[in-house]
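Source file my_file_6.cif; content: mmCIF, C-alpha atoms.
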```cif
data_my_file
#
loop_
_atom_site.group_PDB
_atom_site.id
_atom_site.type_symbol
_atom_site.label_atom_id
_atom_site.label_comp_id
_atom_site.auth_asym_id
_atom_site.auth_seq_id
_atom_site.Cartn_x
_atom_site.Cartn_y
_atom_site.Cartn_z
ATOM 1 C CA MET A 1 -77.130 99.848 10.785
ATOM 2 C CA LYS A 2 -80.496 100.872 12.174
ATOM 3 C CA LEU A 3 -83.867 100.938 10.460
ATOM 4 C CA HIS A 4 -86.675 103.030 11.892
ATOM 5 C CA ILE A 5 -90.192 101.641 11.571
ATOM 6 C CA LYS A 6 -93.404 103.603 12.035
ATOM 7 C CA ASN A 7 -96.451 102.066 13.789
ATOM 8 C CA MET A 8 -94.561 99.523 15.901
ATOM 9 C CA VAL A 9 -96.521 99.959 19.110
ATOM 10 C CA CYS A 10 -96.592 96.593 20.895
ATOM 11 C CA ASN A 11 -94.856 93.257 21.304
ATOM 12 C CA ARG A 12 -97.007 91.693 18.556
ATOM 13 C CA CYS A 13 -95.685 94.378 16.219
ATOM 14 C CA ILE A 14 -92.152 93.346 17.091
ATOM 15 C CA GLU A 15 -93.063 89.708 16.342
ATOM 16 C CA ALA A 16 -94.595 90.685 12.984
ATOM 17 C CA VAL A 17 -91.449 92.589 12.009
ATOM 18 C CA GLN A 18 -89.287 89.651 13.121
ATOM 19 C CA GLU A 19 -91.307 87.364 10.829
ATOM 20 C CA GLU A 20 -90.692 89.668 7.869
ATOM 21 C CA LEU A 21 -86.964 89.813 8.624
ATOM 22 C CA GLN A 22 -86.804 86.017 8.862
ATOM 23 C CA LYS A 23 -88.662 85.577 5.537
ATOM 24 C CA LEU A 24 -85.937 87.617 3.854
ATOM 25 C CA SER A 25 -83.096 86.044 5.904
ATOM 26 C CA ILE A 26 -82.134 89.436 7.286
ATOM 27 C CA THR A 27 -80.001 89.164 10.397
ATOM 28 C CA TYR A 28 -80.414 91.632 13.229
ATOM 29 C CA THR A 29 -79.042 92.106 16.721
ATOM 30 C CA ASN A 30 -82.002 93.833 18.372
ATOM 31 C CA ILE A 31 -85.575 94.952 17.775
ATOM 32 C CA ILE A 32 -87.350 97.473 19.971
ATOM 33 C CA LEU A 33 -90.464 99.525 19.352
ATOM 34 C CA GLY A 34 -89.808 101.565 16.230
ATOM 35 C CA GLU A 35 -86.263 100.378 15.610
ATOM 36 C CA ILE A 36 -84.349 97.437 14.175
ATOM 37 C CA GLU A 37 -80.610 97.098 14.630
ATOM 38 C CA LEU A 38 -79.208 95.121 11.712
ATOM 39 C CA THR A 39 -75.907 93.236 11.634
ATOM 40 C CA ARG A 40 -75.100 94.752 8.230
ATOM 41 C CA SER A 41 -76.542 97.232 5.753
ATOM 42 C CA LEU A 42 -79.084 95.947 3.253
ATOM 43 C CA PRO A 43 -78.845 95.952 -0.535
ATOM 44 C CA ASP A 44 -81.369 98.364 -2.084
ATOM 45 C CA ASP A 45 -83.539 95.572 -3.531
ATOM 46 C CA THR A 46 -83.783 93.767 -0.166
ATOM 47 C CA LYS A 47 -84.545 97.032 1.599
ATOM 48 C CA SER A 48 -87.283 97.768 -0.938
ATOM 49 C CA THR A 49 -88.795 94.284 -0.550
ATOM 50 C CA LEU A 50 -88.733 94.600 3.239
ATOM 51 C CA SER A 51 -90.358 98.021 3.022
ATOM 52 C CA GLY A 52 -93.185 96.640 0.861
ATOM 53 C CA ASN A 53 -93.724 93.637 3.138
ATOM 54 C CA LEU A 54 -93.835 95.878 6.210
ATOM 55 C CA GLU A 55 -96.285 98.269 4.523
ATOM 56 C CA ARG A 56 -98.684 95.368 3.866
ATOM 57 C CA ARG A 57 -98.655 94.736 7.615
ATOM 58 C CA GLY A 58 -99.358 98.395 8.437
ATOM 59 C CA PHE A 59 -95.794 99.536 9.127
ATOM 60 C CA GLU A 60 -93.662 102.098 7.340
ATOM 61 C CA MET A 61 -89.892 102.392 7.077
ATOM 62 C CA LEU A 62 -88.824 105.913 7.961
ATOM 63 C CA GLU A 63 -86.085 107.673 6.082
ATOM 64 C CA ASP A 64 -85.920 111.316 7.148
ATOM 65 C CA LYS A 65 -84.441 112.514 10.428
ATOM 66 C CA ASN A 66 -87.609 114.194 11.764
ATOM 67 C CA SER A 67 -89.700 111.084 11.108
ATOM 68 C CA LYS A 68 -87.177 109.027 13.062
ATOM 69 C CA ILE A 69 -87.304 111.465 15.979
ATOM 70 C CA ILE A 70 -91.106 111.427 15.999
ATOM 71 C CA GLN A 71 -91.183 107.631 15.916
ATOM 72 C CA LYS A 72 -88.736 107.495 18.838
ATOM 73 C CA ILE A 73 -90.898 109.942 20.814
ATOM 74 C CA LYS A 74 -93.998 107.817 20.175
ATOM 75 C CA ALA A 75 -92.221 104.576 21.059
ATOM 76 C CA LEU A 76 -90.859 106.043 24.309
ATOM 77 C CA VAL A 77 -94.258 107.440 25.321
ATOM 78 C CA ILE A 78 -96.113 104.211 24.553
ATOM 79 C CA ASP A 79 -93.484 102.062 26.251
ATOM 80 C CA ASN A 80 -93.503 104.295 29.331
ATOM 81 C CA ILE A 81 -97.300 104.331 29.608
ATOM 82 C CA ARG A 82 -97.807 100.641 28.913
ATOM 83 C CA HIS A 83 -94.782 98.933 30.452
ATOM 84 C CA SER A 84 -93.399 101.114 33.215
ATOM 85 C CA LYS A 85 -94.403 100.320 36.784
ATOM 86 C CA GLU A 86 -94.305 104.058 37.492
ATOM 87 C CA PRO A 87 -94.976 106.066 34.319
ATOM 88 C CA SER A 88 -93.194 109.372 33.970
ATOM 89 C CA THR A 89 -95.084 112.411 35.160
ATOM 90 C CA ASN A 90 -92.642 114.833 33.531
ATOM 91 C CA TYR A 91 -92.319 113.782 29.923
ATOM 92 C CA SER A 92 -90.316 116.824 28.884
ATOM 93 C CA ILE A 93 -87.429 115.745 31.144
ATOM 94 C CA TYR A 94 -87.915 112.067 30.284
ATOM 95 C CA LEU A 95 -87.876 112.594 26.502
ATOM 96 C CA GLU A 96 -85.043 115.102 26.644
ATOM 97 C CA SER A 97 -82.870 112.689 28.628
ATOM 98 C CA GLU A 98 -83.721 109.665 26.461
ATOM 99 C CA LEU A 99 -83.169 111.426 23.132
ATOM 100 C CA SER A 100 -80.489 113.972 24.117
ATOM 101 C CA ILE A 101 -82.389 116.691 22.271
ATOM 102 C CA ASP A 102 -83.800 119.867 23.802
ATOM 103 C CA TYR A 103 -87.505 119.408 24.558
ATOM 104 C CA SER A 104 -88.505 122.612 22.779
ATOM 105 C CA LYS A 105 -86.946 121.233 19.579
ATOM 106 C CA LEU A 106 -88.646 117.856 20.075
ATOM 107 C CA SER A 107 -91.962 119.611 20.645
ATOM 108 C CA SER A 108 -91.573 121.779 17.568
ATOM 109 C CA ILE A 109 -90.686 118.848 15.289
ATOM 110 C CA PHE A 110 -93.516 116.699 16.660
ATOM 111 C CA SER A 111 -96.178 119.408 16.370
ATOM 112 C CA SER A 112 -95.184 120.497 12.890
ATOM 113 C CA VAL A 113 -95.351 116.975 11.458
ATOM 114 C CA GLU A 114 -98.098 115.379 13.552
ATOM 115 C CA GLY A 115 -100.394 118.401 13.860
ATOM 116 C CA VAL A 116 -100.779 117.767 17.582
ATOM 117 C CA THR A 117 -98.561 118.579 20.547
ATOM 118 C CA ILE A 118 -96.538 115.955 22.396
ATOM 119 C CA GLU A 119 -98.621 116.754 25.471
ATOM 120 C CA ARG A 120 -101.867 116.030 23.613
ATOM 121 C CA TYR A 121 -100.409 112.804 22.218
ATOM 122 C CA ILE A 122 -99.427 111.711 25.739
ATOM 123 C CA ILE A 123 -102.912 112.479 27.077
ATOM 124 C CA LEU A 124 -104.519 110.440 24.292
ATOM 125 C CA GLN A 125 -102.173 107.509 24.888
ATOM 126 C CA ARG A 126 -102.773 107.594 28.633
ATOM 127 C CA LEU A 127 -106.526 107.724 28.143
ATOM 128 C CA GLU A 128 -106.414 104.797 25.735
ATOM 129 C CA ARG A 129 -104.527 102.807 28.363
ATOM 130 C CA VAL A 130 -107.171 103.820 30.939
ATOM 131 C CA ARG A 131 -109.910 102.639 28.583
ATOM 132 C CA GLU A 132 -108.152 99.317 28.141
ATOM 133 C CA LEU A 133 -107.758 98.814 31.886
ATOM 134 C CA LEU A 134 -111.400 99.747 32.467
ATOM 135 C CA VAL A 135 -112.513 97.107 29.964
ATOM 136 C CA TYR A 136 -110.441 94.436 31.737
ATOM 137 C CA ASP A 137 -112.273 95.344 34.972
ATOM 138 C CA GLU A 138 -109.458 93.994 37.178
ATOM 139 C CA LEU A 139 -108.324 97.207 38.903
ATOM 140 C CA THR A 140 -109.939 99.980 40.890
ATOM 141 C CA LEU A 141 -110.003 103.477 39.457
ATOM 142 C CA SER A 142 -107.377 104.467 42.050
ATOM 143 C CA GLU A 143 -105.058 101.709 40.836
ATOM 144 C CA ILE A 144 -105.664 102.699 37.212
ATOM 145 C CA ALA A 145 -104.905 106.349 38.021
ATOM 146 C CA TYR A 146 -101.629 105.334 39.664
ATOM 147 C CA LEU A 147 -100.624 102.949 36.835
ATOM 148 C CA THR A 148 -101.242 105.582 34.185
ATOM 149 C CA GLY A 149 -99.432 108.396 35.974
ATOM 150 C CA TYR A 150 -102.396 110.496 37.101
ATOM 151 C CA SER A 151 -101.976 112.394 40.349
ATOM 152 C CA SER A 152 -105.491 111.478 41.527
ATOM 153 C CA VAL A 153 -108.707 109.744 40.568
ATOM 154 C CA HIS A 154 -110.293 113.188 40.318
ATOM 155 C CA HIS A 155 -107.713 114.348 37.767
ATOM 156 C CA LEU A 156 -108.124 111.135 35.767
ATOM 157 C CA SER A 157 -111.932 111.389 35.838
ATOM 158 C CA ASN A 158 -111.920 115.038 34.747
ATOM 159 C CA GLN A 159 -109.529 114.388 31.874
ATOM 160 C CA PHE A 160 -111.447 111.268 30.844
ATOM 161 C CA LYS A 161 -114.784 113.099 30.769
ATOM 162 C CA LYS A 162 -113.302 116.084 28.911
ATOM 163 C CA ASN A 163 -111.688 113.935 26.193
ATOM 164 C CA ILE A 164 -113.920 110.865 25.976
ATOM 165 C CA GLY A 165 -117.224 112.576 26.696
ATOM 166 C CA MET A 166 -118.268 110.418 29.625
ATOM 167 C CA SER A 167 -117.042 109.409 33.045
ATOM 168 C CA PRO A 168 -114.926 106.271 33.547
ATOM 169 C CA THR A 169 -117.908 104.667 35.303
ATOM 170 C CA GLN A 170 -120.191 105.372 32.350
ATOM 171 C CA PHE A 171 -117.540 103.978 30.020
ATOM 172 C CA LYS A 172 -117.326 100.733 32.026
ATOM 173 C CA LYS A 173 -121.087 100.256 31.674
ATOM 174 C CA LEU A 174 -120.933 100.287 27.873
ATOM 175 C CA HIS A 175 -121.438 96.889 26.273
ATOM 176 C CA LYS A 176 -119.118 97.624 23.350
ATOM 177 C CA PRO A 177 -116.468 100.109 24.439
ATOM 178 C CA ASP A 178 -115.088 102.185 21.612
ATOM 179 C CA ARG A 179 -111.347 101.468 21.728
ATOM 180 C CA LYS A 180 -108.748 102.298 19.098
ATOM 181 C CA PRO A 181 -105.567 100.534 18.003
ATOM 182 C CA LEU A 182 -102.527 102.383 19.411
ATOM 183 C CA ASP A 183 -101.234 103.430 16.031
ATOM 184 C CA GLU A 184 -104.522 105.271 15.413
ATOM 185 C CA VAL A 185 -104.514 107.206 18.712
#
```

Step by step, read the file and then write its structure as structure tokens.
Amino acid sequence: MKLHIKNMVCNRCIEAVQEELQKLSITYTNIILGEIELTRSLPDDTKSTLSGNLERRGFEMLEDKNSKIIQKIKALVIDNIRHSKEPSTNYSIYLESELSIDYSKLSSIFSSVEGVTIERYIILQRLERVRELLVYDELTLSEIAYLTGYSSVHHLSNQFKKNIGMSPTQFKKLHKPDRKPLDEV
């Protein structure tokens, strides 16, 4: 049995969910971003308790099919941007192949529920990753562009300025950069 969890966006989220499962002695075989694979189905009262505990930590158990699809899209995008050595540059093909659903259907479901296109969501996630890497100040802008899937520094800089309102260089000079948690992007 699988449970789908909204707002699982990083490894610490996985650890938090694992803690909640352990508190309730729920056995599982695997946890990935947005999904828990259980060894058996849960009684309704245990499922309800788990749902409440997860909500207190900022997560939400998803029940309907479209919510599950959206959560999978988000998890795949975030994982690809944050953990892939070479992020995808063609997300329509990537998402279609990972989810075995036509991209136009994925796009329609995502837009209707989230109020933003998948493309816009990807841009915002990529830019948040850029902001994070700029704050760390360990990589050149060229390296950041490559790591985040931009074709050039120029493309990255233009998109950054258009969406953030300043250049990457101006952003680096800020004393308190305005970053957002991933589940709020």

Problem set entry | Counting all atoms listed in the file, the option among A:Ile26, A:Cys13, A:Leu134, A:Leu127 closest to Asn163 in chain A | A:Leu127

Exercise. Distance CA of Ile81 in chain A-CA of Cys10 in chain A, one decimal place?
Worked result: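 About the pair CA of Ile81 in chain A and CA of Cys10 in chain A: they are 11.7 Å apart.
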
For this session: Find the distance between CA of Met166 in chain A and CA of Arg131 in chain A and write it in Å to one decimal.
Result: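 So the two atoms, CA of Met166 in chain A and CA of Arg131 in chain A, lie 11.5 Å apart.
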
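Nearest residue to Leu76 in chain A, choosing from A:Ser97, A:Ser41, A:Asn53, A:Ser108 and counting all atoms listed in the file: A:Ser97.
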
Problem set entry | Explicit residues for the PyMOL selection byres ((chain A and resi 37) around 12) (as a list in words) |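 Matching residues under the PyMOL selection byres ((chain A and resi 37) around 12) are Met1, Lys2, Leu3, His4, Ile5, Gln18, Leu21, Ile26, Thr27, Tyr28, Thr29, Asn30, Ile31, Ile32, Leu33, Gly34, Glu35, Ile36, Leu38, Thr39, Arg40, Ser41 and Leu42 of chain A.
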
Once you have the residues from the selection above, write them out as a tab-separated table (two decimals), in the frame of the given file, restricted to C-alpha atoms.
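File written: part.tsv
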```tsv
chain	number	residue	atom	x	y	z
A	1	MET	CA	-77.13	99.85	10.78
A	2	LYS	CA	-80.50	100.87	12.17
A	3	LEU	CA	-83.87	100.94	10.46
A	4	HIS	CA	-86.68	103.03	11.89
A	5	ILE	CA	-90.19	101.64	11.57
A	18	GLN	CA	-89.29	89.65	13.12
A	21	LEU	CA	-86.96	89.81	8.62
A	26	ILE	CA	-82.13	89.44	7.29
A	27	THR	CA	-80.00	89.16	10.40
A	28	TYR	CA	-80.41	91.63	13.23
A	29	THR	CA	-79.04	92.11	16.72
A	30	ASN	CA	-82.00	93.83	18.37
A	31	ILE	CA	-85.58	94.95	17.77
A	32	ILE	CA	-87.35	97.47	19.97
A	33	LEU	CA	-90.46	99.52	19.35
A	34	GLY	CA	-89.81	101.56	16.23
A	35	GLU	CA	-86.26	100.38	15.61
A	36	ILE	CA	-84.35	97.44	14.18
A	38	LEU	CA	-79.21	95.12	11.71
A	39	THR	CA	-75.91	93.24	11.63
A	40	ARG	CA	-75.10	94.75	8.23
A	41	SER	CA	-76.54	97.23	5.75
A	42	LEU	CA	-79.08	95.95	3.25
```

Exercise. Suppose you want the space between CA of Lys180 in chain A and CA of Leu139 in chain A; what is it in Å?
Worked result: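 For CA of Lys180 in chain A relative to CA of Leu139 in chain A, the distance reads 20.5 Å.
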
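Residue nearest Gly149 in chain A, chosen from A:Gln22, A:Asn11, A:Ser88, A:Ser51 and counting all atoms listed in the file: A:Ser88.
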
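Put simply, the PyMOL selection byres ((chain A and resi 185) around 8) in this file takes in A:Tyr121, A:Leu124, A:Gln125, A:Glu128, A:Lys180, A:Pro181, A:Leu182, A:Asp183, A:Glu184.
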
Problem set entry | Selected residue of minimal separation from Lys172 in chain A among A:Val116, A:Leu133, A:Val9, A:Ile70, counting all atoms listed in the file |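 Looking at the shortest contact to Lys172 in chain A, the residue is A:Leu133.
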
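Of the residues listed (A:Lys74, A:His83, A:Arg129, A:Lys23), A:Lys74 shows the shortest atom-to-atom separation from Asn7 in chain A; distances use all atoms listed in the file.
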
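When all atoms listed in the file are used to measure the gap to Leu95 in chain A, the shortest distance among A:Ile14, A:Ser112, A:Met61, A:Ala75 belongs to A:Ala75.
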